[in-house]
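K.L.:
Before anything else, here's the structure in question.
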Amino acid sequence: MSASDLWLRDVFTKYGLIVMIVLLVSFWINYKWSKVRRNIYKAYLLGFETECAELADSYKRRLFRSLDQIVSHDETLRSMGQIRVLEIGVKTGENIQYYPDGTQLILVDWNRKLGNYLISSERSWQFSHVDFERHIIGDGSSLKKIPTGCVDAVVTTRSLCCTTSVTDTLKEIYRVLAPGGKYFFMEHIPETEGTFTRWIQTVLTRTNLWPLLYGDCRLDCNPNKDIEKAGFQKVMWKTVVLQGYVSHPIHLFLSRRHLIGTAIR
Ligand SMILES: C[S@@+](CC[C@H](N)C(=O)[O-])C[C@H]1O[C@@H](n2cnc3c(N)ncnc32)[C@H](O)[C@@H]1O
């Protein structure tokens, strides 16, 4: 054996066990941590986000009212008085109640379990007025499976902030909308510059702490300018602040301000 082989053998005998233990412990921590993270996010979606959707109810009712007036670009759907809607970031289908009867729905969400939930959970009867045309498991910034100009309306509520790229998602929304189609949004936005809350929102996002725990959500994301620049003919929006009782007031405090509006392709 050469001197270097002997040296390697010595190192392995002395430290091999320690290295193995360190590796095993890090794999175990990593495994447990991703499980803990998944559970925190699940509790957040089913708890706080559901309460938040309830607080947003009156705003959404007003926002989605004009869905009823949309006439489909698709001849067959038009003849049946139906429209095709794409929703990105659907969670447990809180927005579906606002969609007109017979809506052909395309859903895009990271969550693999969503399809089963919407079709076979005990809440599925609440979605029986719409047809699930397609469920795409994936990122809102890449909608390659959806043909250009094929949907009459696109909806995102509190979900743009989680997509890999807001600009790319908006480009895709613009592409898949038929001419004259409408984009409906209600997205949380940060507080005004210079406030303490804004500072907290920036710190929590830039340190990656908030995105890590809450499904990549960026508290400092404001899609306002991106929507304005996405090429839509007419953009209308206002800001609203959600208020009311939720079980996690800090979560609400950090994401209570919203940009709500529509953009016409
Ligand atoms: C905070 S929830 C909002 C749910 C619903 N839109 C609402 O307002 O109640 C965010 C949703 O976006 C989904 N999501 C997260 N990242 C995504 C991505 N990159 N592309 C598509 N959906 C995503 C999550 O799985 C979740 O269903």
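Identifiers in the structure tokens: chain A, B, ... in order shown; residue index from 1 per chain; ligand index from 1 in order shown.
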Can you tell me which residues come within 9 Å of ligand 1 when counting only C-alpha atoms and all ligand atoms, ideally as a ChimeraX atom specification?

P.N.:
/A:44-45,49-54,56,87-95,108-112,114,137-142,155-165,169,186-187,214-217

K.L.:
Show me, as a list in words, the residues that have an atom within 12 Å of Arg62 (chain A) when counting only C-alpha atoms, minus same-chain residues fewer than 6 positions from it.

P.N.:
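Here the answer would be Ala56, Asp68, Tyr98, Phe184, Met186, Ile260, Gly261 and Thr262 of chain A.
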
K.L.:
May I have the selected residues written with C-alpha atoms, as a PDB file, in the first residue's frame?

P.N.:
ATOM      1  CA  ALA A  56     -62.931  38.460   0.981  1.00  0.00           C
ATOM      2  CA  ASP A  68     -72.224  36.449 -16.034  1.00  0.00           C
ATOM      3  CA  TYR A  98     -68.798  32.546  -7.876  1.00  0.00           C
ATOM      4  CA  PHE A 184     -59.899  38.829 -12.691  1.00  0.00           C
ATOM      5  CA  MET A 186     -57.382  39.839  -6.108  1.00  0.00           C
ATOM      6  CA  ILE A 260     -58.398  43.886  -6.800  1.00  0.00           C
ATOM      7  CA  GLY A 261     -59.531  44.390 -10.357  1.00  0.00           C
ATOM      8  CA  THR A 262     -59.862  43.246 -13.940  1.00  0.00           C
TER       9      THR A 262
END

K.L.:
Taking the backbone alone, and naming residues the way the document does, which bits of region 26-139 of chain A are alpha helix (DSSP H) by DSSP, as number ranges by chain?

P.N.:
A: 26-44, 50-55, 57-64, 75-79, 114-120

K.L.:
To one decimal place in Å, what is the distance between CA of His73 (chain A) and CA of Leu105 (chain A)?

P.N.:
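Separation between CA of His73 (chain A) and CA of Leu105 (chain A): 14.9 Å.
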
K.L.:
Could you list, as a PyMOL selection string, every residue within 8 Å of Gln82 (chain A), counting only C-alpha atoms and ignoring same-chain residues fewer than 2 positions away?

P.N.:
chain A and resi 71-72+77-80+84+100-104

K.L.:
Excluding Thr167 (chain A) and its own-chain neighbours fewer than 5 positions away, which residues fall within 12 Å of it when counting only C-alpha atoms? Please give them as a list in words.

P.N.:
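Counting only the stated atoms, we get Gly140, Ser141, Ser142, Leu160, Cys161, Glu172, Ile173, Tyr174, Cys221, Asn222, Pro223, Asn224, Lys225, Asp226, Ile227, Glu228, Lys229, Ala230 and Gly231 of chain A.
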
K.L.:
Contacts of region 246-254 of chain A at 7 Å or less, counting only C-alpha atoms, minus same-chain residues fewer than 2 places along, as a ChimeraX atom specification?

P.N.:
/A:48,51,201,244,256

K.L.:
Using C-alpha atoms, can you export the residues from the last selection as a compact mmCIF listing (two decimals), in the first residue's frame?

P.N.:
# COMPACT_ATOMS: atom_id res chain seq x y z
CA PHE A 48 -55.96 30.93 7.70
CA GLU A 51 -60.85 32.26 6.80
CA GLN A 201 -42.74 41.94 4.97
CA GLY A 244 -62.22 40.87 10.48
CA ARG A 256 -54.37 42.25 4.45

K.L.:
Tell me, in Å to one decimal, how far CA of Leu86 (chain A) is from CA of Ala153 (chain A).

P.N.:
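Interatomic distance here is 6.3 Å.
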